[in-house]
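A.B. asks: The file below is target.pdb, PDB, C-alpha atoms:
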```pdb
ATOM      1  CA  MET A   1      -1.011  12.824  11.339
ATOM      2  CA  ARG A   2       1.192  12.274   8.294
ATOM      3  CA  VAL A   3       4.269  10.081   7.981
ATOM      4  CA  ALA A   4       7.071  11.033   5.602
ATOM      5  CA  GLY A   5       7.619   8.365   2.969
ATOM      6  CA  CYS A   6       4.153   6.799   3.389
ATOM      7  CA  THR A   7       2.454   6.461  -0.007
ATOM      8  CA  LEU A   8      -1.016   6.953   1.465
ATOM      9  CA  CYS A   9       0.065  10.011   3.465
ATOM     10  CA  GLU A  10       1.798  11.596   0.500
ATOM     11  CA  THR A  11      -0.489  10.628  -2.400
ATOM     12  CA  GLU A  12      -4.195  10.035  -2.958
ATOM     13  CA  GLY A  13      -3.395   6.377  -3.725
ATOM     14  CA  GLY A  14      -5.562   5.951  -6.821
ATOM     15  CA  VAL A  15      -8.374   7.553  -8.788
ATOM     16  CA  PRO A  16     -10.176   9.885  -6.338
ATOM     17  CA  VAL A  17     -13.820   8.902  -5.830
ATOM     18  CA  TRP A  18     -14.794  10.634  -2.591
ATOM     19  CA  ARG A  19     -13.037  12.435   0.271
ATOM     20  CA  GLY A  20     -14.341  13.179   3.749
ATOM     21  CA  ALA A  21     -12.725  14.377   6.966
ATOM     22  CA  ARG A  22     -11.795  10.880   8.202
ATOM     23  CA  VAL A  23     -11.741   8.629   5.152
ATOM     24  CA  ARG A  24     -11.458   8.758   1.386
ATOM     25  CA  VAL A  25     -12.370   6.322  -1.372
ATOM     26  CA  ILE A  26     -10.140   5.685  -4.347
ATOM     27  CA  ARG A  27     -10.438   3.348  -7.318
ATOM     28  CA  ALA A  28      -7.379   1.115  -7.435
ATOM     29  CA  GLU A  29      -6.932   0.498 -11.180
ATOM     30  CA  GLU A  30      -5.549  -3.007 -10.675
ATOM     31  CA  ALA A  31      -5.222  -4.791 -14.028
ATOM     32  CA  GLY A  32      -7.925  -7.422 -14.521
ATOM     33  CA  PHE A  33     -10.037  -6.117 -11.614
ATOM     34  CA  PRO A  34     -11.781  -2.914 -12.674
ATOM     35  CA  ALA A  35     -14.239  -2.984  -9.769
ATOM     36  CA  PHE A  36     -11.557  -2.603  -7.102
ATOM     37  CA  TYR A  37     -11.968   0.258  -4.634
ATOM     38  CA  ARG A  38     -10.040   1.205  -1.514
ATOM     39  CA  LEU A  39     -11.309   2.930   1.603
ATOM     40  CA  VAL A  40      -8.333   4.810   3.033
ATOM     41  CA  TRP A  41      -8.233   6.149   6.595
ATOM     42  CA  ASN A  42      -6.888   9.674   6.102
ATOM     43  CA  ASP A  43      -4.752   9.749   9.271
ATOM     44  CA  HIS A  44      -1.758   7.461   9.432
ATOM     45  CA  VAL A  45      -2.990   4.512  11.493
ATOM     46  CA  THR A  46      -1.405   1.078  11.077
ATOM     47  CA  GLU A  47      -3.809  -1.492  12.532
ATOM     48  CA  PHE A  48      -7.618  -1.544  12.448
ATOM     49  CA  SER A  49      -7.697  -2.179  16.207
ATOM     50  CA  GLU A  50      -5.855   1.100  16.857
ATOM     51  CA  LEU A  51      -9.043   2.950  15.909
ATOM     52  CA  SER A  52     -11.555   3.797  18.624
ATOM     53  CA  PRO A  53     -14.749   1.706  18.644
ATOM     54  CA  ALA A  54     -16.644   4.630  17.097
ATOM     55  CA  ASP A  55     -14.033   5.039  14.365
ATOM     56  CA  ARG A  56     -14.057   1.289  13.653
ATOM     57  CA  ALA A  57     -17.834   1.451  13.208
ATOM     58  CA  LEU A  58     -17.538   4.490  10.946
ATOM     59  CA  CYS A  59     -14.815   2.771   8.921
ATOM     60  CA  MET A  60     -16.777  -0.457   8.419
ATOM     61  CA  GLU A  61     -20.054   1.314   7.643
ATOM     62  CA  ALA A  62     -18.147   3.213   4.941
ATOM     63  CA  VAL A  63     -16.719  -0.074   3.605
ATOM     64  CA  THR A  64     -20.245  -1.506   3.703
ATOM     65  CA  ARG A  65     -21.664   1.361   1.628
ATOM     66  CA  ILE A  66     -19.047   0.697  -1.059
ATOM     67  CA  GLU A  67     -19.871  -3.021  -0.993
ATOM     68  CA  GLN A  68     -23.613  -2.301  -1.190
ATOM     69  CA  VAL A  69     -23.222  -0.069  -4.261
ATOM     70  CA  MET A  70     -21.031  -2.657  -5.983
ATOM     71  CA  ARG A  71     -23.444  -5.500  -5.202
ATOM     72  CA  GLU A  72     -26.421  -3.507  -6.450
ATOM     73  CA  ARG A  73     -24.783  -2.312  -9.668
ATOM     74  CA  LEU A  74     -22.650  -5.314 -10.591
ATOM     75  CA  GLN A  75     -24.231  -8.414  -9.026
ATOM     76  CA  PRO A  76     -20.772  -9.914  -8.417
ATOM     77  CA  THR A  77     -20.314 -13.604  -7.709
ATOM     78  CA  LYS A  78     -18.714 -12.595  -4.386
ATOM     79  CA  MET A  79     -17.419  -9.509  -2.638
ATOM     80  CA  ASN A  80     -13.934  -9.583  -1.109
ATOM     81  CA  LEU A  81     -12.900  -7.276   1.752
ATOM     82  CA  ALA A  82      -9.403  -7.099   3.174
ATOM     83  CA  THR A  83      -7.029  -4.900   5.113
ATOM     84  CA  LEU A  84      -3.465  -6.179   4.784
ATOM     85  CA  GLY A  85      -1.012  -3.257   4.665
ATOM     86  CA  ASN A  86       2.123  -5.383   4.688
ATOM     87  CA  VAL A  87       3.698  -3.120   2.056
ATOM     88  CA  VAL A  88       1.934   0.154   2.902
ATOM     89  CA  PRO A  89       1.149  -0.021   6.638
ATOM     90  CA  HIS A  90      -1.404   2.805   6.546
ATOM     91  CA  LEU A  91      -4.949   1.580   7.195
ATOM     92  CA  HIS A  92      -6.828   0.910   3.959
ATOM     93  CA  TRP A  93      -9.560  -1.564   3.057
ATOM     94  CA  HIS A  94      -9.679  -3.342  -0.273
ATOM     95  CA  VAL A  95     -13.247  -3.684  -1.557
ATOM     96  CA  ILE A  96     -13.273  -5.929  -4.604
ATOM     97  CA  ALA A  97     -16.102  -7.307  -6.738
ATOM     98  CA  ARG A  98     -15.274 -10.823  -7.895
ATOM     99  CA  PHE A  99     -16.846 -12.669 -10.808
ATOM    100  CA  ASP A 100     -16.776 -16.326 -11.766
ATOM    101  CA  TRP A 101     -15.280 -15.259 -15.106
ATOM    102  CA  ASP A 102     -12.437 -13.171 -13.669
ATOM    103  CA  SER A 103      -8.824 -14.262 -14.145
ATOM    104  CA  HIS A 104      -8.373 -15.573 -10.591
ATOM    105  CA  PHE A 105     -11.784 -16.731  -9.342
ATOM    106  CA  PRO A 106     -12.204 -18.479  -6.911
ATOM    107  CA  ALA A 107      -8.611 -17.777  -5.850
ATOM    108  CA  PRO A 108      -7.856 -14.480  -4.114
ATOM    109  CA  VAL A 109      -6.729 -11.627  -6.381
ATOM    110  CA  TRP A 110      -3.284 -11.940  -4.780
ATOM    111  CA  ALA A 111      -2.839 -15.566  -5.901
ATOM    112  CA  GLY A 112      -2.010 -16.686  -9.431
ATOM    113  CA  ALA A 113      -4.381 -16.385 -12.385
ATOM    114  CA  VAL A 114      -6.353 -19.509 -13.226
ATOM    115  CA  ARG A 115      -7.681 -18.385 -16.641
ATOM    116  CA  ALA A 116      -7.735 -15.459 -19.045
ATOM    117  CA  ALA A 117     -10.507 -13.062 -17.994
ATOM    118  CA  ASP A 118     -13.545 -12.709 -20.252
ATOM    119  CA  SER A 119     -12.600  -9.468 -22.037
ATOM    120  CA  ALA A 120     -16.161  -8.544 -23.017
ATOM    121  CA  ALA A 121     -17.302  -9.005 -19.420
ATOM    122  CA  LEU A 122     -14.351  -6.928 -18.190
ATOM    123  CA  ALA A 123     -15.248  -4.138 -20.629
ATOM    124  CA  ALA A 124     -18.862  -4.230 -19.444
ATOM    125  CA  VAL A 125     -17.738  -3.705 -15.841
ATOM    126  CA  GLN A 126     -15.305  -0.979 -16.904
ATOM    127  CA  ALA A 127     -18.121   0.854 -18.694
ATOM    128  CA  GLN A 128     -20.136   1.042 -15.469
ATOM    129  CA  LEU A 129     -17.353   2.577 -13.365
ATOM    130  CA  PRO A 130     -18.312   6.249 -13.833
ATOM    131  CA  VAL A 131     -21.821   5.491 -12.583
ATOM    132  CA  ILE A 132     -20.500   3.341  -9.718
ATOM    133  CA  ASP A 133     -17.979   6.038  -8.722
ATOM    134  CA  GLY A 134     -20.869   8.511  -8.540
ATOM    135  CA  ALA A 135     -23.098   6.147  -6.570
ATOM    136  CA  ILE A 136     -20.306   5.444  -4.061
ATOM    137  CA  ALA A 137     -19.678   9.176  -3.640
ATOM    138  CA  GLN A 138     -23.390   9.736  -3.061
ATOM    139  CA  ALA A 139     -23.605   6.865  -0.534
ATOM    140  CA  LEU A 140     -20.561   8.114   1.406
ATOM    141  CA  THR A 141     -21.908  11.669   1.468
ATOM    142  CA  ALA A 142     -25.219  10.341   2.795
ATOM    143  CA  LEU A 143     -23.370   8.375   5.494
ATOM    144  CA  LEU A 144     -20.666  10.827   6.511
ATOM    145  CA  GLY A 145     -21.711  14.198   5.063
TER     146      GLY A 145
ATOM    147  CA  MET B   1     -30.095 -21.081   9.050
ATOM    148  CA  ARG B   2     -27.982 -23.944   7.700
ATOM    149  CA  VAL B   3     -27.226 -24.781   4.082
ATOM    150  CA  ALA B   4     -26.660 -28.390   3.022
ATOM    151  CA  GLY B   5     -23.203 -28.893   1.562
ATOM    152  CA  CYS B   6     -21.720 -25.750   3.185
ATOM    153  CA  THR B   7     -18.500 -26.627   5.024
ATOM    154  CA  LEU B   8     -19.053 -23.948   7.660
ATOM    155  CA  CYS B   9     -22.678 -25.010   8.245
ATOM    156  CA  GLU B  10     -21.771 -28.670   8.524
ATOM    157  CA  THR B  11     -18.415 -28.545  10.342
ATOM    158  CA  GLU B  12     -16.722 -26.360  12.924
ATOM    159  CA  GLY B  13     -14.170 -25.356  10.270
ATOM    160  CA  GLY B  14     -11.001 -25.716  12.355
ATOM    161  CA  VAL B  15      -9.749 -26.082  15.902
ATOM    162  CA  PRO B  16     -12.561 -24.784  18.169
ATOM    163  CA  VAL B  17     -11.465 -21.788  20.254
ATOM    164  CA  TRP B  18     -14.736 -20.183  21.342
ATOM    165  CA  ARG B  19     -18.415 -20.461  20.458
ATOM    166  CA  GLY B  20     -21.211 -17.988  21.144
ATOM    167  CA  ALA B  21     -24.786 -17.624  19.913
ATOM    168  CA  ARG B  22     -23.874 -15.551  16.846
ATOM    169  CA  VAL B  23     -20.207 -16.249  16.097
ATOM    170  CA  ARG B  24     -17.482 -18.761  16.768
ATOM    171  CA  VAL B  25     -13.702 -18.596  16.610
ATOM    172  CA  ILE B  26     -11.595 -21.364  15.167
ATOM    173  CA  ARG B  27      -7.868 -21.738  14.618
ATOM    174  CA  ALA B  28      -7.215 -22.431  10.958
ATOM    175  CA  GLU B  29      -4.092 -24.625  11.067
ATOM    176  CA  GLU B  30      -2.752 -23.274   7.776
ATOM    177  CA  ALA B  31       0.792 -24.555   7.173
ATOM    178  CA  GLY B  32       3.402 -21.860   7.771
ATOM    179  CA  PHE B  33       0.932 -19.541   9.538
ATOM    180  CA  PRO B  34       0.281 -20.854  13.044
ATOM    181  CA  ALA B  35      -1.285 -17.591  14.240
ATOM    182  CA  PHE B  36      -4.214 -17.772  11.838
ATOM    183  CA  TYR B  37      -7.701 -17.569  13.346
ATOM    184  CA  ARG B  38     -11.134 -17.319  11.770
ATOM    185  CA  LEU B  39     -14.225 -15.608  13.105
ATOM    186  CA  VAL B  40     -17.170 -17.528  11.643
ATOM    187  CA  TRP B  41     -20.718 -16.135  11.593
ATOM    188  CA  ASN B  42     -22.774 -19.110  12.803
ATOM    189  CA  ASP B  43     -25.767 -18.510  10.506
ATOM    190  CA  HIS B  44     -25.270 -18.962   6.804
ATOM    191  CA  VAL B  45     -24.802 -15.411   5.513
ATOM    192  CA  THR B  46     -22.840 -14.766   2.331
ATOM    193  CA  GLU B  47     -21.849 -11.101   2.283
ATOM    194  CA  PHE B  48     -20.803  -8.870   5.188
ATOM    195  CA  SER B  49     -23.280  -6.214   4.039
ATOM    196  CA  GLU B  50     -26.177  -8.666   4.471
ATOM    197  CA  LEU B  51     -25.755  -8.315   8.238
ATOM    198  CA  SER B  52     -27.725  -5.651  10.063
ATOM    199  CA  PRO B  53     -25.698  -2.621  11.239
ATOM    200  CA  ALA B  54     -25.780  -3.999  14.812
ATOM    201  CA  ASP B  55     -24.567  -7.423  13.651
ATOM    202  CA  ARG B  56     -21.796  -5.832  11.563
ATOM    203  CA  ALA B  57     -20.621  -3.945  14.640
ATOM    204  CA  LEU B  58     -20.758  -7.116  16.754
ATOM    205  CA  CYS B  59     -18.857  -9.029  14.077
ATOM    206  CA  MET B  60     -16.076  -6.451  13.737
ATOM    207  CA  GLU B  61     -15.720  -5.924  17.485
ATOM    208  CA  ALA B  62     -15.240  -9.693  17.766
ATOM    209  CA  VAL B  63     -12.627  -9.590  14.979
ATOM    210  CA  THR B  64     -10.978  -6.678  16.793
ATOM    211  CA  ARG B  65     -10.741  -8.616  20.062
ATOM    212  CA  ILE B  66      -8.940 -11.451  18.249
ATOM    213  CA  GLU B  67      -6.585  -8.946  16.628
ATOM    214  CA  GLN B  68      -5.923  -7.221  19.964
ATOM    215  CA  VAL B  69      -5.000 -10.507  21.678
ATOM    216  CA  MET B  70      -2.689 -11.464  18.810
ATOM    217  CA  ARG B  71      -0.996  -8.047  18.753
ATOM    218  CA  GLU B  72      -0.482  -8.095  22.515
ATOM    219  CA  ARG B  73       0.867 -11.653  22.696
ATOM    220  CA  LEU B  74       2.829 -11.883  19.456
ATOM    221  CA  GLN B  75       3.841  -8.341  18.457
ATOM    222  CA  PRO B  76       3.416  -9.223  14.777
ATOM    223  CA  THR B  77       4.940  -7.111  12.033
ATOM    224  CA  LYS B  78       1.405  -6.584  10.698
ATOM    225  CA  MET B  79      -2.090  -7.948  11.186
ATOM    226  CA  ASN B  80      -4.073  -9.042   8.132
ATOM    227  CA  LEU B  81      -7.883  -9.150   8.111
ATOM    228  CA  ALA B  82      -9.955 -10.457   5.229
ATOM    229  CA  THR B  83     -13.335 -11.863   4.318
ATOM    230  CA  LEU B  84     -13.214 -13.500   0.895
ATOM    231  CA  GLY B  85     -15.470 -16.562   0.796
ATOM    232  CA  ASN B  86     -15.000 -17.302  -2.888
ATOM    233  CA  VAL B  87     -14.723 -21.023  -2.162
ATOM    234  CA  VAL B  88     -16.870 -21.200   0.991
ATOM    235  CA  PRO B  89     -19.441 -18.393   0.680
ATOM    236  CA  HIS B  90     -20.394 -18.444   4.355
ATOM    237  CA  LEU B  91     -19.284 -15.291   6.183
ATOM    238  CA  HIS B  92     -15.944 -15.759   7.923
ATOM    239  CA  TRP B  93     -13.108 -13.388   8.713
ATOM    240  CA  HIS B  94      -9.474 -14.385   8.466
ATOM    241  CA  VAL B  95      -7.390 -12.853  11.277
ATOM    242  CA  ILE B  96      -3.733 -13.489  10.598
ATOM    243  CA  ALA B  97      -0.575 -12.369  12.396
ATOM    244  CA  ARG B  98       2.171 -11.681   9.869
ATOM    245  CA  PHE B  99       5.891 -11.537  10.618
ATOM    246  CA  ASP B 100       8.781 -10.214   8.571
ATOM    247  CA  TRP B 101      10.343 -13.692   8.790
ATOM    248  CA  ASP B 102       7.287 -15.617   7.553
ATOM    249  CA  SER B 103       7.393 -17.467   4.236
ATOM    250  CA  HIS B 104       5.330 -14.870   2.324
ATOM    251  CA  PHE B 105       5.909 -11.494   3.965
ATOM    252  CA  PRO B 106       5.197  -8.837   2.714
ATOM    253  CA  ALA B 107       3.084 -10.696   0.140
ATOM    254  CA  PRO B 108      -0.410 -11.851   1.179
ATOM    255  CA  VAL B 109      -0.630 -15.408   2.536
ATOM    256  CA  TRP B 110      -2.542 -16.311  -0.653
ATOM    257  CA  ALA B 111       0.362 -15.327  -2.927
ATOM    258  CA  GLY B 112       3.518 -17.349  -3.464
ATOM    259  CA  ALA B 113       6.198 -17.889  -0.832
ATOM    260  CA  VAL B 114       9.182 -15.562  -1.033
ATOM    261  CA  ARG B 115      11.463 -17.449   1.409
ATOM    262  CA  ALA B 116      11.605 -20.412   3.748
ATOM    263  CA  ALA B 117      10.062 -19.414   7.072
ATOM    264  CA  ASP B 118      12.324 -19.182  10.122
ATOM    265  CA  SER B 119      11.536 -22.549  11.748
ATOM    266  CA  ALA B 120      12.624 -21.526  15.249
ATOM    267  CA  ALA B 121      10.439 -18.420  15.060
ATOM    268  CA  LEU B 122       7.524 -20.548  13.788
ATOM    269  CA  ALA B 123       7.959 -22.961  16.699
ATOM    270  CA  ALA B 124       8.020 -20.058  19.152
ATOM    271  CA  VAL B 125       4.657 -18.817  17.808
ATOM    272  CA  GLN B 126       3.254 -22.347  17.838
ATOM    273  CA  ALA B 127       4.243 -22.739  21.495
ATOM    274  CA  GLN B 128       2.150 -19.699  22.441
ATOM    275  CA  LEU B 129      -1.052 -20.898  20.774
ATOM    276  CA  PRO B 130      -2.650 -22.535  23.830
ATOM    277  CA  VAL B 131      -2.290 -19.302  25.785
ATOM    278  CA  ILE B 132      -3.530 -17.220  22.852
ATOM    279  CA  ASP B 133      -6.517 -19.540  22.333
ATOM    280  CA  GLY B 134      -7.402 -19.038  25.993
ATOM    281  CA  ALA B 135      -6.950 -15.274  25.861
ATOM    282  CA  ILE B 136      -9.144 -15.040  22.737
ATOM    283  CA  ALA B 137     -11.837 -17.140  24.421
ATOM    284  CA  GLN B 138     -11.702 -14.879  27.474
ATOM    285  CA  ALA B 139     -11.886 -11.715  25.339
ATOM    286  CA  LEU B 140     -14.857 -13.002  23.341
ATOM    287  CA  THR B 141     -16.677 -14.057  26.512
ATOM    288  CA  ALA B 142     -16.096 -10.594  27.942
ATOM    289  CA  LEU B 143     -17.460  -9.003  24.749
ATOM    290  CA  LEU B 144     -20.365 -11.308  23.934
ATOM    291  CA  GLY B 145     -21.029 -13.339  27.066
TER     292      GLY B 145
END
```
Could you show the structure in this file as structure tokens?

C.D. replies:
Amino acid sequence: MRVAGCTLCETEGGVPVWRGARVRVIRAEEAGFPAFYRLVWNDHVTEFSELSPADRALCMEAVTRIEQVMRERLQPTKMNLATLGNVVPHLHWHVIARFDWDSHFPAPVWAGAVRAADSAALAAVQAQLPVIDGAIAQALTALLG
Amino acid sequence: MRVAGCTLCETEGGVPVWRGARVRVIRAEEAGFPAFYRLVWNDHVTEFSELSPADRALCMEAVTRIEQVMRERLQPTKMNLATLGNVVPHLHWHVIARFDWDSHFPAPVWAGAVRAADSAALAAVQAQLPVIDGAIAQALTALLG
């Protein structure tokens, strides 16, 4: 099901990382947060609780695989998961690696910055993204085929 | 497992709504967002992906029951779900009903306010909280016993 005018129905939504029948993974390219992925439900669904129990489990196991790859490769201070959708009400999960040196930590990425990010640390994360993209794609293929 | 100095190991964390063996539900009492609940994992776990697959499913079905009660009783513009834990790294899920008249909509609750909330609408939500607390408790008992 596709809805005219919905950004996530009409566009990929970011850098394509992996696509399956039910979900896709994109990299968000949010400034200051290179390790920011989104799990997008391909069909236009608004709320998480609209999914069937089996689809909720599939969705969260997919989110978990992304988190696991990011934890293993980046050793973040904390992982952040969220589904908001106030602006784009098409189910998508933010999966964000947070670091004690990032511009907002410990505030949420949606709050104000509390410092300038460590640019060398940012570049080091950025440099790992091709490998992380590949590892996420591999993990999602292993989970969902 | 309890960790000394952890707010969610040492305190309930908010207004008690329901408590089971694995999880509890509290009402957060965040100013401007009366319909703001938290699902707290009772043991001290930091990341969602540290849970076993069965515990992840239990956790998200519990979150889903809270969301379903809030959607049914409040017809929010959008539900927001998040696990951040940057300040209190003890697994908890924010379950927040958002309304187009609230002080921050469509921005996340952690961003800046964009308007004064509609105080009559806020009071109307507040007035429903005892019934919603009870319905959440009933739904969690039905799910988890």

A.B. asks: Would you translate the PyMOL selection byres ((chain B and resi 40-57) around 10) into the concrete set of residues it matches in this file, as a ChimeraX atom specification?

C.D. replies: /A:53-54,56-58,60-61,63-68,71,78-81 /B:1-3,6,8-9,12-13,19-26,37-39,58-63,83-86,88-94

A.B. asks: Mind fitting chain A onto chain B over all Cα atoms in sequence order and sending the result as a compact mmCIF listing (two decimals) with C-alpha atoms, in the frame of the given file?

C.D. replies:
```txt
# COMPACT_ATOMS: atom_id res chain seq x y z
CA MET A 1 -30.12 -21.10 9.05
CA ARG A 2 -28.01 -23.95 7.70
CA VAL A 3 -27.23 -24.80 4.08
CA ALA A 4 -26.67 -28.40 3.03
CA GLY A 5 -23.21 -28.90 1.58
CA CYS A 6 -21.74 -25.76 3.19
CA THR A 7 -18.52 -26.62 5.03
CA LEU A 8 -19.07 -23.94 7.67
CA CYS A 9 -22.69 -25.00 8.25
CA GLU A 10 -21.79 -28.66 8.53
CA THR A 11 -18.42 -28.54 10.33
CA GLU A 12 -16.72 -26.37 12.93
CA GLY A 13 -14.16 -25.36 10.28
CA GLY A 14 -11.00 -25.72 12.36
CA VAL A 15 -9.74 -26.09 15.91
CA PRO A 16 -12.55 -24.79 18.16
CA VAL A 17 -11.45 -21.80 20.25
CA TRP A 18 -14.72 -20.18 21.33
CA ARG A 19 -18.42 -20.45 20.45
CA GLY A 20 -21.20 -17.97 21.13
CA ALA A 21 -24.77 -17.62 19.92
CA ARG A 22 -23.88 -15.57 16.82
CA VAL A 23 -20.22 -16.24 16.09
CA ARG A 24 -17.48 -18.76 16.77
CA VAL A 25 -13.70 -18.59 16.60
CA ILE A 26 -11.60 -21.37 15.16
CA ARG A 27 -7.86 -21.74 14.63
CA ALA A 28 -7.21 -22.44 10.96
CA GLU A 29 -4.09 -24.64 11.06
CA GLU A 30 -2.74 -23.29 7.78
CA ALA A 31 0.80 -24.56 7.18
CA GLY A 32 3.41 -21.86 7.77
CA PHE A 33 0.94 -19.54 9.54
CA PRO A 34 0.29 -20.85 13.04
CA ALA A 35 -1.29 -17.60 14.25
CA PHE A 36 -4.22 -17.78 11.84
CA TYR A 37 -7.71 -17.57 13.34
CA ARG A 38 -11.14 -17.33 11.76
CA LEU A 39 -14.23 -15.61 13.09
CA VAL A 40 -17.18 -17.51 11.63
CA TRP A 41 -20.73 -16.13 11.58
CA ASN A 42 -22.78 -19.10 12.79
CA ASP A 43 -25.78 -18.49 10.51
CA HIS A 44 -25.29 -18.95 6.80
CA VAL A 45 -24.81 -15.41 5.51
CA THR A 46 -22.85 -14.77 2.31
CA GLU A 47 -21.85 -11.10 2.28
CA PHE A 48 -20.80 -8.87 5.18
CA SER A 49 -23.29 -6.21 4.03
CA GLU A 50 -26.19 -8.65 4.46
CA LEU A 51 -25.76 -8.32 8.23
CA SER A 52 -27.72 -5.64 10.07
CA PRO A 53 -25.70 -2.62 11.25
CA ALA A 54 -25.78 -3.99 14.81
CA ASP A 55 -24.58 -7.41 13.65
CA ARG A 56 -21.80 -5.83 11.56
CA ALA A 57 -20.62 -3.94 14.65
CA LEU A 58 -20.76 -7.10 16.76
CA CYS A 59 -18.87 -9.03 14.07
CA MET A 60 -16.08 -6.45 13.74
CA GLU A 61 -15.72 -5.92 17.49
CA ALA A 62 -15.25 -9.69 17.76
CA VAL A 63 -12.64 -9.60 14.98
CA THR A 64 -10.99 -6.69 16.79
CA ARG A 65 -10.74 -8.62 20.06
CA ILE A 66 -8.94 -11.45 18.25
CA GLU A 67 -6.58 -8.94 16.62
CA GLN A 68 -5.93 -7.22 19.96
CA VAL A 69 -5.00 -10.50 21.68
CA MET A 70 -2.69 -11.46 18.82
CA ARG A 71 -1.00 -8.05 18.78
CA GLU A 72 -0.49 -8.10 22.53
CA ARG A 73 0.86 -11.65 22.71
CA LEU A 74 2.82 -11.87 19.46
CA GLN A 75 3.85 -8.34 18.46
CA PRO A 76 3.41 -9.23 14.77
CA THR A 77 4.94 -7.11 12.03
CA LYS A 78 1.40 -6.58 10.69
CA MET A 79 -2.09 -7.94 11.18
CA ASN A 80 -4.08 -9.04 8.13
CA LEU A 81 -7.90 -9.15 8.10
CA ALA A 82 -9.96 -10.46 5.22
CA THR A 83 -13.34 -11.86 4.31
CA LEU A 84 -13.22 -13.49 0.88
CA GLY A 85 -15.47 -16.57 0.79
CA ASN A 86 -15.01 -17.29 -2.90
CA VAL A 87 -14.73 -21.02 -2.16
CA VAL A 88 -16.88 -21.20 0.98
CA PRO A 89 -19.44 -18.38 0.66
CA HIS A 90 -20.41 -18.43 4.34
CA LEU A 91 -19.30 -15.29 6.18
CA HIS A 92 -15.95 -15.77 7.92
CA TRP A 93 -13.12 -13.38 8.71
CA HIS A 94 -9.48 -14.38 8.46
CA VAL A 95 -7.41 -12.85 11.27
CA ILE A 96 -3.74 -13.49 10.60
CA ALA A 97 -0.58 -12.37 12.40
CA ARG A 98 2.18 -11.69 9.89
CA PHE A 99 5.90 -11.53 10.62
CA ASP A 100 8.78 -10.21 8.56
CA TRP A 101 10.34 -13.68 8.79
CA ASP A 102 7.29 -15.61 7.56
CA SER A 103 7.40 -17.46 4.24
CA HIS A 104 5.35 -14.88 2.32
CA PHE A 105 5.93 -11.48 3.96
CA PRO A 106 5.20 -8.84 2.70
CA ALA A 107 3.08 -10.70 0.14
CA PRO A 108 -0.39 -11.85 1.17
CA VAL A 109 -0.63 -15.41 2.53
CA TRP A 110 -2.52 -16.32 -0.65
CA ALA A 111 0.37 -15.33 -2.94
CA GLY A 112 3.53 -17.36 -3.48
CA ALA A 113 6.21 -17.90 -0.83
CA VAL A 114 9.20 -15.57 -1.02
CA ARG A 115 11.48 -17.45 1.42
CA ALA A 116 11.60 -20.43 3.76
CA ALA A 117 10.06 -19.42 7.10
CA ASP A 118 12.34 -19.18 10.13
CA SER A 119 11.55 -22.54 11.76
CA ALA A 120 12.63 -21.51 15.26
CA ALA A 121 10.44 -18.42 15.07
CA LEU A 122 7.53 -20.53 13.79
CA ALA A 123 7.97 -22.96 16.70
CA ALA A 124 8.01 -20.05 19.15
CA VAL A 125 4.66 -18.82 17.82
CA GLN A 126 3.26 -22.35 17.84
CA ALA A 127 4.24 -22.74 21.50
CA GLN A 128 2.16 -19.70 22.45
CA LEU A 129 -1.05 -20.89 20.78
CA PRO A 130 -2.63 -22.56 23.84
CA VAL A 131 -2.27 -19.32 25.79
CA ILE A 132 -3.52 -17.23 22.85
CA ASP A 133 -6.51 -19.55 22.34
CA GLY A 134 -7.39 -19.05 26.00
CA ALA A 135 -6.95 -15.28 25.85
CA ILE A 136 -9.14 -15.04 22.74
CA ALA A 137 -11.84 -17.15 24.42
CA GLN A 138 -11.69 -14.89 27.48
CA ALA A 139 -11.87 -11.71 25.35
CA LEU A 140 -14.85 -13.01 23.35
CA THR A 141 -16.67 -14.06 26.52
CA ALA A 142 -16.08 -10.59 27.96
CA LEU A 143 -17.44 -9.01 24.76
CA LEU A 144 -20.34 -11.30 23.95
CA GLY A 145 -20.97 -13.35 27.11
```

A.B. asks: Applying 12 Å and all atoms listed in the file, which residues near Glu30 of chain B remain after dropping the ones on its own chain fewer than 2 positions away? List them as a ChimeraX atom specification.

C.D. replies: /B:13-15,26-28,32-38,94-96,109-110,126

A.B. asks: Suppose you want the space between atom CA of Ala116 of chain A and atom CA of Ala111 of chain B; what is it in Å?

C.D. replies: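 Calculated distance between atom CA of Ala116 of chain A and atom CA of Ala111 of chain B is 18.0 Å.
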
A.B. asks: So that I can check the surroundings of Phe99 of chain B, please list as a PyMOL selection string every protein, DNA and RNA residue that reaches within 9 Å of it, counting all atoms listed in the file and ignoring chain neighbours fewer than 6 positions away.

C.D. replies: chain B and resi 75-79+105-106

A.B. asks: Save out the residues we just selected, C-alpha atoms, as an mmCIF file, keeping the file's coordinate frame.

C.D. replies:
```cif
data_model
loop_
_atom_site.group_PDB
_atom_site.id
_atom_site.type_symbol
_atom_site.label_atom_id
_atom_site.label_comp_id
_atom_site.auth_asym_id
_atom_site.auth_seq_id
_atom_site.Cartn_x
_atom_site.Cartn_y
_atom_site.Cartn_z
ATOM 1 C CA GLN B 75 3.841 -8.341 18.457
ATOM 2 C CA PRO B 76 3.416 -9.223 14.777
ATOM 3 C CA THR B 77 4.940 -7.111 12.033
ATOM 4 C CA LYS B 78 1.405 -6.584 10.698
ATOM 5 C CA MET B 79 -2.090 -7.948 11.186
ATOM 6 C CA PHE B 105 5.909 -11.494 3.965
ATOM 7 C CA PRO B 106 5.197 -8.837 2.714
#
```

A.B. asks: Around all listed atoms of segment 46-55 of chain A, padded 8 Å per side, what centre and edge lengths does the axis-aligned box have in Å to one decimal, as JSON?

C.D. replies:
```
{"center_x": -9.0, "center_y": 1.4, "center_z": 14.9, "size_x": 31.2, "size_y": 23.2, "size_z": 23.6}
```

A.B. asks: Using only C-alpha atoms for the distances, tell me which of B:Arg73, B:Ala97, B:Ala4, B:Pro16 is nearest to chain A.

C.D. replies: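 Once distances to chain A are computed over only C-alpha atoms, the minimum belongs to B:Ala97.
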